[in-house]
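What follows is the content of work.cif (mmCIF, C-alpha atoms).
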data_entry
loop_
_atom_site.label_atom_id
_atom_site.label_comp_id
_atom_site.auth_asym_id
_atom_site.auth_seq_id
_atom_site.Cartn_x
_atom_site.Cartn_y
_atom_site.Cartn_z
CA MET A 21 -17.14 2.25 -4.48
CA LYS A 22 -19.89 2.19 -7.15
CA MET A 23 -20.98 -0.58 -9.48
CA HIS A 24 -23.67 -0.53 -12.16
CA TYR A 25 -25.79 -3.64 -12.68
CA ILE A 26 -28.65 -2.03 -14.65
CA GLU A 27 -28.30 -4.53 -17.46
CA TYR A 28 -28.74 -7.45 -15.04
CA PHE A 29 -31.96 -6.08 -13.57
CA SER A 30 -33.39 -5.23 -16.98
CA ALA A 31 -32.64 -8.72 -18.26
CA VAL A 32 -34.28 -10.41 -15.26
CA GLY A 33 -37.38 -8.22 -15.59
CA ALA A 34 -37.69 -8.99 -19.28
CA VAL A 35 -37.88 -12.75 -18.78
CA THR A 36 -40.39 -12.94 -15.92
CA ARG A 37 -43.15 -13.60 -18.43
CA GLN A 38 -41.28 -16.54 -19.96
CA PRO A 39 -41.67 -20.19 -18.92
CA ILE A 40 -39.88 -21.40 -15.80
CA THR A 41 -37.29 -23.27 -17.83
CA ALA A 42 -36.39 -20.11 -19.71
CA LEU A 43 -36.24 -18.20 -16.46
CA ARG A 44 -33.95 -20.78 -14.92
CA ALA A 45 -31.74 -20.71 -18.00
CA CYS A 46 -31.52 -16.94 -17.92
CA LEU A 47 -30.82 -16.85 -14.20
CA CYS A 48 -28.06 -19.39 -14.68
CA LYS A 49 -26.70 -17.25 -17.48
CA VAL A 50 -26.86 -14.13 -15.31
CA LEU A 51 -25.12 -15.88 -12.43
CA SER A 52 -22.46 -17.34 -14.66
CA CYS A 53 -21.87 -13.95 -16.29
CA ALA A 54 -21.73 -12.29 -12.90
CA ALA A 55 -19.21 -14.84 -11.70
CA LEU A 56 -17.13 -14.42 -14.85
CA ILE A 57 -17.19 -10.64 -14.61
CA THR A 58 -16.27 -10.79 -10.94
CA ILE A 59 -13.31 -12.99 -11.80
CA VAL A 60 -12.27 -10.65 -14.61
CA VAL A 61 -12.62 -7.57 -12.40
CA LEU A 62 -10.63 -9.10 -9.54
CA ALA A 63 -7.99 -10.44 -11.90
CA THR A 64 -7.77 -7.26 -13.95
CA ILE A 65 -8.05 -4.40 -11.53
CA PRO A 66 -6.19 -5.28 -8.33
CA ASN A 67 -3.41 -7.10 -10.13
CA GLN A 68 -3.58 -5.01 -13.31
CA SER A 69 -3.77 -7.75 -15.91
CA ALA A 70 -3.18 -5.20 -18.67
CA ILE A 71 -0.51 -3.53 -16.55
CA ALA A 72 2.74 -5.04 -15.39
CA ALA A 73 3.85 -4.65 -11.74
CA GLU A 74 1.16 -5.16 -9.13
CA GLY A 75 -0.99 -2.05 -8.85
CA GLY A 76 0.71 -0.53 -11.91
CA SER A 77 3.65 0.84 -9.93
CA GLY A 78 6.40 -0.27 -7.61
CA PHE A 79 8.65 0.66 -4.72
CA TYR A 80 11.01 2.92 -6.66
CA LEU A 81 9.25 6.14 -7.65
CA LEU A 82 10.57 7.19 -11.04
CA GLY A 83 12.07 10.65 -11.33
CA GLN A 84 13.16 10.92 -7.70
CA ARG A 85 16.80 11.40 -8.73
CA ALA A 86 17.59 14.28 -11.07
CA GLN A 87 19.86 17.29 -10.59
CA SER A 88 22.68 16.58 -8.10
CA ALA A 89 21.59 12.94 -7.99
CA ALA A 90 24.82 11.90 -6.28
CA VAL A 91 25.49 14.99 -4.18
CA LEU A 92 25.31 14.53 -0.41
CA PRO A 93 25.77 17.16 2.31
CA THR A 94 29.48 17.64 2.76
CA VAL A 95 29.35 17.77 6.56
CA GLU A 96 28.15 15.45 9.30
CA GLY A 97 24.65 16.24 10.51
CA VAL A 98 20.91 15.61 10.35
CA PHE A 99 18.92 16.93 7.41
CA PHE A 100 15.25 16.95 6.48
CA SER A 101 13.65 16.62 3.07
CA THR A 102 9.98 16.83 2.09
CA PRO A 103 9.53 15.35 -1.39
CA THR A 104 5.97 15.47 -2.69
CA TYR A 105 5.11 13.28 -5.66
CA PHE A 106 2.15 13.77 -8.00
CA TYR A 107 1.04 11.43 -10.76
CA SER A 108 -1.94 11.44 -13.12
CA GLY A 109 -2.26 8.67 -15.70
CA ASP A 110 -4.60 6.31 -17.45
CA VAL A 111 -4.72 3.12 -19.44
CA SER A 112 -7.17 1.71 -21.94
CA ASN A 113 -6.97 -1.75 -23.44
CA SER A 114 -8.93 -4.73 -24.74
CA GLU A 115 -8.38 -8.26 -23.59
CA ALA A 116 -9.75 -11.38 -25.26
CA ILE A 117 -11.53 -13.81 -22.93
CA ASP A 118 -12.10 -17.52 -23.31
CA ASP A 119 -15.63 -17.46 -24.73
CA GLY A 120 -14.64 -15.32 -27.70
CA GLY A 121 -15.92 -11.99 -26.34
CA VAL A 122 -13.85 -8.91 -25.76
CA THR A 123 -13.50 -7.14 -22.45
CA THR A 124 -12.75 -3.42 -22.70
CA PHE A 125 -10.75 -2.11 -19.78
CA GLY A 126 -10.06 1.48 -18.78
CA MET A 127 -8.41 2.96 -15.73
CA ASP A 128 -7.61 6.46 -14.45
CA LEU A 129 -5.32 7.20 -11.51
CA ASP A 130 -4.62 10.43 -9.64
CA LEU A 131 -1.97 10.00 -6.96
CA ALA A 132 -0.41 12.38 -4.44
CA LEU A 133 2.28 11.20 -2.00
CA PHE A 134 3.91 13.15 0.82
CA LEU A 135 7.32 11.62 1.65
CA PRO A 136 8.99 13.33 4.62
CA THR A 137 12.52 12.00 4.95
CA ALA A 138 15.12 12.34 7.69
CA LEU A 139 18.74 11.94 6.57
CA TRP A 140 21.76 11.39 8.81
CA ILE A 141 25.28 11.89 7.52
CA THR A 142 27.53 10.06 9.98
CA PRO A 143 31.18 10.78 10.77
CA VAL A 144 32.06 7.25 9.64
CA ASP A 145 34.42 6.85 6.71
CA LEU A 146 33.82 3.52 4.93
CA PHE A 147 35.78 2.46 1.85
CA GLY A 148 36.82 6.07 1.46
CA GLY A 149 33.24 7.33 1.36
CA ASN A 150 30.84 9.01 3.77
CA LEU A 151 28.27 6.69 5.36
CA GLY A 152 24.70 7.85 5.78
CA PHE A 153 21.21 6.61 6.59
CA SER A 154 17.70 7.82 5.90
CA GLY A 155 14.13 6.94 6.78
CA THR A 156 11.00 7.89 4.83
CA PHE A 157 7.41 8.06 6.01
CA VAL A 158 4.73 7.76 3.31
CA TYR A 159 1.27 9.32 3.38
CA GLY A 160 -0.96 10.12 0.44
CA LYS A 161 -4.14 9.85 -1.55
CA ALA A 162 -5.02 7.61 -4.49
CA ASP A 163 -8.14 8.25 -6.58
CA VAL A 164 -8.83 5.38 -9.00
CA SER A 165 -11.60 4.96 -11.56
CA ALA A 166 -11.88 1.75 -13.55
CA SER A 167 -14.37 0.54 -16.12
CA LEU A 168 -15.02 -2.86 -17.59
CA GLY A 169 -17.19 -3.59 -20.65
CA PHE A 170 -18.34 -7.14 -21.38
CA PRO A 171 -20.53 -8.09 -24.38
CA ASP A 172 -23.06 -10.87 -23.78
CA PRO A 173 -25.04 -12.32 -26.74
CA GLU A 174 -28.24 -12.73 -24.68
CA LEU A 175 -28.09 -9.92 -22.15
CA GLY A 176 -26.38 -7.33 -24.31
CA PRO A 177 -23.50 -5.11 -23.23
CA ILE A 178 -22.64 -5.25 -19.54
CA ASP A 179 -20.71 -2.32 -18.08
CA ILE A 180 -19.14 -2.08 -14.65
CA ASP A 181 -17.72 1.15 -13.23
CA ILE A 182 -15.65 1.17 -10.05
CA ASN A 183 -14.47 4.27 -8.22
CA ASP A 184 -12.27 4.11 -5.14
CA ASP A 185 -10.31 6.81 -3.35
CA ARG A 186 -8.64 7.06 0.04
CA TRP A 187 -6.08 8.82 2.18
CA ALA A 188 -3.76 6.28 3.75
CA VAL A 189 -0.36 5.58 5.24
CA GLY A 190 2.00 3.82 2.86
CA ASP A 191 4.90 1.51 3.56
CA PRO A 192 7.87 3.20 5.25
CA ALA A 193 11.32 2.90 3.69
CA VAL A 194 14.85 2.92 5.09
CA SER A 195 18.10 3.48 3.20
CA ALA A 196 21.84 3.22 3.72
CA PHE A 197 24.27 4.93 1.39
CA LEU A 198 27.90 5.67 0.72
CA GLY A 199 29.06 8.86 -0.97
CA TRP A 200 32.36 9.85 -2.58
CA SER A 201 33.09 13.33 -3.87
CA GLY A 202 35.79 15.51 -5.37
CA GLU A 203 36.04 19.05 -6.63
CA ASN A 204 33.83 18.50 -9.70
CA TYR A 205 32.28 15.09 -9.19
CA ALA A 206 30.26 12.98 -6.75
CA TYR A 207 29.22 9.33 -6.64
CA THR A 208 26.81 7.47 -4.38
CA LEU A 209 25.72 3.88 -3.85
CA THR A 210 22.35 3.45 -2.12
CA SER A 211 20.47 0.44 -0.80
CA SER A 212 16.79 0.99 0.10
CA VAL A 213 14.23 -1.35 1.64
CA ASN A 214 10.44 -1.13 1.53
CA ILE A 215 8.88 -2.33 4.81
CA PRO A 216 5.31 -3.70 4.37
CA ALA A 217 3.81 -1.93 7.38
CA GLY A 218 1.36 0.53 5.77
CA ASP A 219 -2.43 0.49 5.48
CA TYR A 220 -3.39 -2.21 2.98
CA ASP A 221 -6.81 -3.67 2.22
CA VAL A 222 -7.13 -6.67 -0.08
CA GLY A 223 -9.69 -6.01 -2.79
CA ARG A 224 -9.30 -2.21 -2.82
CA ILE A 225 -7.79 -0.59 -5.88
CA SER A 226 -6.64 2.60 -4.15
CA ASN A 227 -3.99 1.15 -1.84
CA ILE A 228 -1.00 3.37 -1.10
CA ALA A 229 0.94 0.59 0.63
CA LEU A 230 2.52 -2.17 -1.46
CA ASN A 231 2.23 -4.92 1.19
CA TYR A 232 5.47 -6.65 0.23
CA TRP A 233 9.18 -6.39 0.92
CA ALA A 234 11.31 -4.81 -1.79
CA LEU A 235 15.00 -3.98 -2.16
CA ASP A 236 16.39 -1.30 -4.45
CA ILE A 237 20.08 -0.81 -5.22
CA THR A 238 21.00 2.38 -7.09
CA ALA A 239 24.30 3.93 -8.19
CA ALA A 240 24.43 7.63 -9.08
CA GLY A 241 26.96 10.10 -10.42
CA THR A 242 27.12 13.89 -10.76
CA TRP A 243 29.69 15.82 -12.81
CA LEU A 244 30.24 19.60 -12.83
CA LEU A 245 31.58 21.43 -15.88
CA PRO A 246 32.62 24.77 -14.33
CA GLU A 247 33.72 26.38 -17.57
CA SER A 248 30.26 26.00 -19.09
CA GLN A 249 28.15 26.22 -15.90
CA ILE A 250 26.61 22.82 -16.71
CA GLU A 251 25.87 19.96 -14.34
CA LEU A 252 25.23 16.41 -15.55
CA SER A 253 23.72 13.70 -13.35
CA GLY A 254 22.69 10.10 -13.84
CA ALA A 255 21.41 7.22 -11.72
CA THR A 256 20.70 3.59 -12.48
CA GLY A 257 19.54 0.66 -10.41
CA PHE A 258 17.47 -2.48 -9.93
CA THR A 259 14.47 -3.20 -7.71
CA PHE A 260 13.93 -6.74 -6.40
CA ASN A 261 10.44 -7.55 -5.16
CA ASP A 262 9.09 -10.17 -2.77
CA GLU A 263 5.64 -11.74 -3.13
CA ASN A 264 2.56 -10.03 -1.75
CA ASP A 265 1.35 -12.64 0.77
CA ASP A 266 -2.28 -11.53 0.49
CA THR A 267 -2.60 -11.51 -3.30
CA LYS A 268 0.09 -14.10 -4.15
CA TYR A 269 1.43 -11.66 -6.76
CA GLU A 270 5.17 -11.09 -7.27
CA THR A 271 6.28 -8.18 -9.39
CA GLY A 272 9.27 -8.95 -11.60
CA THR A 273 12.72 -7.40 -11.23
CA GLU A 274 12.70 -3.77 -12.37
CA PHE A 275 15.43 -1.67 -14.00
CA HIS A 276 15.40 2.13 -13.84
CA LEU A 277 17.60 4.81 -15.36
CA GLU A 278 17.43 8.56 -14.69
CA GLY A 279 19.35 11.51 -16.10
CA ALA A 280 19.50 15.29 -15.84
CA ALA A 281 21.34 18.19 -17.48
CA TYR A 282 21.13 21.61 -15.77
CA TYR A 283 22.51 25.07 -16.45
CA GLN A 284 23.58 27.20 -13.45
CA PHE A 285 22.21 30.68 -14.27
CA THR A 286 23.31 32.14 -10.92
CA SER A 287 24.87 30.78 -7.76
CA THR A 288 21.36 30.15 -6.38
CA PHE A 289 19.26 29.27 -9.43
CA SER A 290 19.48 26.54 -12.08
CA ALA A 291 17.18 24.93 -14.62
CA GLY A 292 17.38 22.05 -17.04
CA LEU A 293 16.00 18.84 -18.52
CA ASN A 294 15.24 15.57 -16.70
CA GLY A 295 14.33 12.12 -17.94
CA TYR A 296 13.78 8.54 -16.85
CA TYR A 297 13.52 5.11 -18.40
CA TYR A 298 12.01 2.02 -16.79
CA ASN A 299 11.95 -1.58 -17.98
CA GLN A 300 11.06 -4.84 -16.27
CA VAL A 301 13.79 -7.37 -16.84
CA SER A 302 11.70 -10.30 -15.59
CA GLY A 303 7.97 -10.93 -15.75
CA ASP A 304 5.44 -10.90 -12.95
CA SER A 305 4.77 -14.27 -11.31
CA GLY A 306 2.83 -16.03 -8.58
CA ALA A 307 -0.67 -17.45 -8.35
CA GLY A 308 -2.12 -13.93 -8.36
CA ALA A 309 -0.54 -13.07 -11.73
CA THR A 310 -3.48 -14.68 -13.52
CA LEU A 311 -2.60 -13.46 -17.02
CA GLY A 312 1.04 -14.49 -17.00
CA ASP A 313 4.45 -12.88 -16.85
CA GLN A 314 3.64 -9.29 -17.81
CA GLU A 315 6.54 -6.88 -18.25
CA GLY A 316 6.29 -3.08 -18.26
CA ARG A 317 8.21 -0.25 -19.89
CA VAL A 318 8.03 3.55 -19.87
CA ALA A 319 10.14 6.62 -20.70
CA ALA A 320 9.65 10.27 -19.74
CA LEU A 321 11.16 13.72 -20.27
CA GLY A 322 10.49 17.10 -18.72
CA PRO A 323 11.87 20.37 -17.36
CA GLY A 324 13.07 21.17 -13.87
CA LEU A 325 14.40 24.02 -11.78
CA ALA A 326 16.04 24.55 -8.40
CA THR A 327 16.77 27.49 -6.15
CA THR A 328 18.46 28.05 -2.80
CA PHE A 329 17.71 30.75 -0.22
CA ASN A 330 18.19 31.31 3.49
CA VAL A 331 15.59 31.09 6.23
CA GLY A 332 17.47 32.70 9.07
CA PRO A 333 20.89 31.05 9.14
CA ALA A 334 19.64 27.84 7.46
CA PRO A 335 19.97 27.36 3.70
CA VAL A 336 16.83 25.93 2.09
CA THR A 337 16.85 24.27 -1.33
CA VAL A 338 13.64 23.96 -3.35
CA SER A 339 13.40 21.93 -6.54
CA ALA A 340 10.51 21.24 -8.93
CA ARG A 341 10.33 18.77 -11.82
CA TYR A 342 7.73 17.72 -14.37
CA TYR A 343 7.74 14.56 -16.52
CA HIS A 344 5.62 13.55 -19.49
CA GLU A 345 5.58 9.82 -20.24
CA PHE A 346 5.79 8.10 -23.62
CA SER A 347 6.86 4.78 -25.17
CA VAL A 348 4.66 2.96 -22.67
CA LYS A 349 4.07 -0.77 -22.55
CA ASN A 350 1.87 -2.52 -19.96
CA ARG A 351 1.80 0.49 -17.64
CA LEU A 352 -0.22 3.57 -16.91
CA GLU A 353 0.71 6.50 -19.14
CA GLY A 354 0.54 10.05 -17.86
CA ASP A 355 2.37 12.92 -16.19
CA ALA A 356 4.42 13.08 -13.01
CA ALA A 357 5.76 15.95 -10.90
CA TRP A 358 8.06 16.36 -7.91
CA LEU A 359 8.28 19.26 -5.45
CA THR A 360 11.03 18.99 -2.81
CA PHE A 361 12.25 21.12 0.09
CA PHE A 362 15.60 20.33 1.71
CA VAL A 363 16.89 21.91 4.92
CA PRO A 364 19.57 21.12 7.55
CA LEU A 365 18.22 20.35 11.03
CA TRP A 366 21.45 19.89 12.98
CA VAL A 367 25.13 20.26 12.18
CA PRO A 368 27.72 19.83 14.96
CA ASP A 369 29.58 22.95 16.02
CA ARG A 370 33.22 22.53 15.04
CA THR A 371 34.46 25.70 16.71
#

Encoding of this model in structure tokens:
Amino acid sequence: MKMHYIEYFSAVGAVTRQPITALRACLCKVLSCAALITIVVLATIPNQSAIAAEGGSGFYLLGQRAQSAAVLPTVEGVFFSTPTYFYSGDVSNSEAIDDGGVTTFGMDLDLALFLPTALWITPVDLFGGNLGFSGTFVYGKADVSASLGFPDPELGPIDIDINDDRWAVGDPAVSAFLGWSGENYAYTLTSSVNIPAGDYDVGRISNIALNYWALDITAAGTWLLPESQIELSGATGFTFNDENDDTKYETGTEFHLEGAAYYQFTSTFSAGLNGYYYNQVSGDSGAGATLGDQEGRVAALGPGLATTFNVGPAPVTVSARYYHEFSVKNRLEGDAAWLTFFVPLWVPDRT
């Protein structure tokens, strides 16, 4: 973590030849400015005053559902998936402060998350659907750079640069789901819970863990059009967030919508277009939300492809997707990508 206080030191050196009263006045000014900047930094960066949702993101990673969003394995068994999520984005903004100055704020984020997931399709039939469970481990790296510019009439421009990066364990997640399917359609209903058990340090801006409980409920559908070799998929849901006990920040309720249209070129290869839309339906709250009930919004589009091949007797599916974001409000704006491998680990022998 690096901070620049050159302006402070220059200002103090410049007034050492002045009378004691002037020195005291300047020191008081320096201390008050330092305190104000510290407050602005702590209020702006960890809680993202210009960005809705604490940390600029939430439990539900956008773009995770695309092609075959509602398709589950058709047999009982244990399966393994290794989604890897990449995101690179930035934000720049200006916020008015009480004394009439303007604080310029900029932030860059590079994020990589490895999300190994075990999935169990049970033999249980519930409400006519197949019952399943999954658990996800989260590990990744966040590299964050933030800058803050603050004009002072006596000391001149004051700039603070903060850089923070780390590898860390994020919060694990567990899910339960029901799936229904027919010859040319599939539907799923999924409930997922974020468990605040990852590595989290108050005051750092590169936390992977969220440090609060969250519940996401998502419904998805997939429809096959055999005559045209086209598959359509969609998913929509809401994320409900608890308060972060350490920061006293509660992210508002979040709505997400995802869609995909793919063309099946061969029996083992397809490609198409993916998109997502996100909108907070209630503002952030809590004592830590110092600048009020911020609400975020973002949309994204991008291409994707998928292929299936065999490794020995086991079929392996690989999918890749890219998203470019636009129509952004109170969020980071950038590019996201997903790379996922899916393989069966165990299927009971029915012979």

Using only C-alpha atoms, can you tell me which of A:Gly303, A:Pro103, A:Gly190, A:Pro136 comes closest to Ala217 of chain A?
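Closest to Ala217 of chain A, using only C-alpha atoms: A:Gly190.
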
Between A:Asp265, A:Asp130, A:Asn204, A:Ile182, which one has atoms that come closest to Ile250 of chain A, using only C-alpha atoms?
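Result for the nearest residue to Ile250 of chain A: A:Asn204.
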
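From atom CA of Glu96 of chain A back to atom CA of Gly279 of chain A, the distance works out to 27.2 Å.
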
Give me the result of the PyMOL selection byres ((chain A and resi 296) around 6) on this file, residue by residue, as a VMD selection string.
chain A and resid 277 to 278 295 297 319 to 320

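Distances here use only C-alpha atoms; by that measure, the residue among A:Tyr105, A:Val318, A:Pro364, A:Asp191 closest to Asn330 of chain A is A:Pro364.
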
Which residues are close to Leu146 of chain A, i.e. within 10 Å by all atoms listed in the file, leaving aside same-chain residues fewer than 5 positions away? Reply as a VMD selection string.
chain A and resid 151 198 to 200
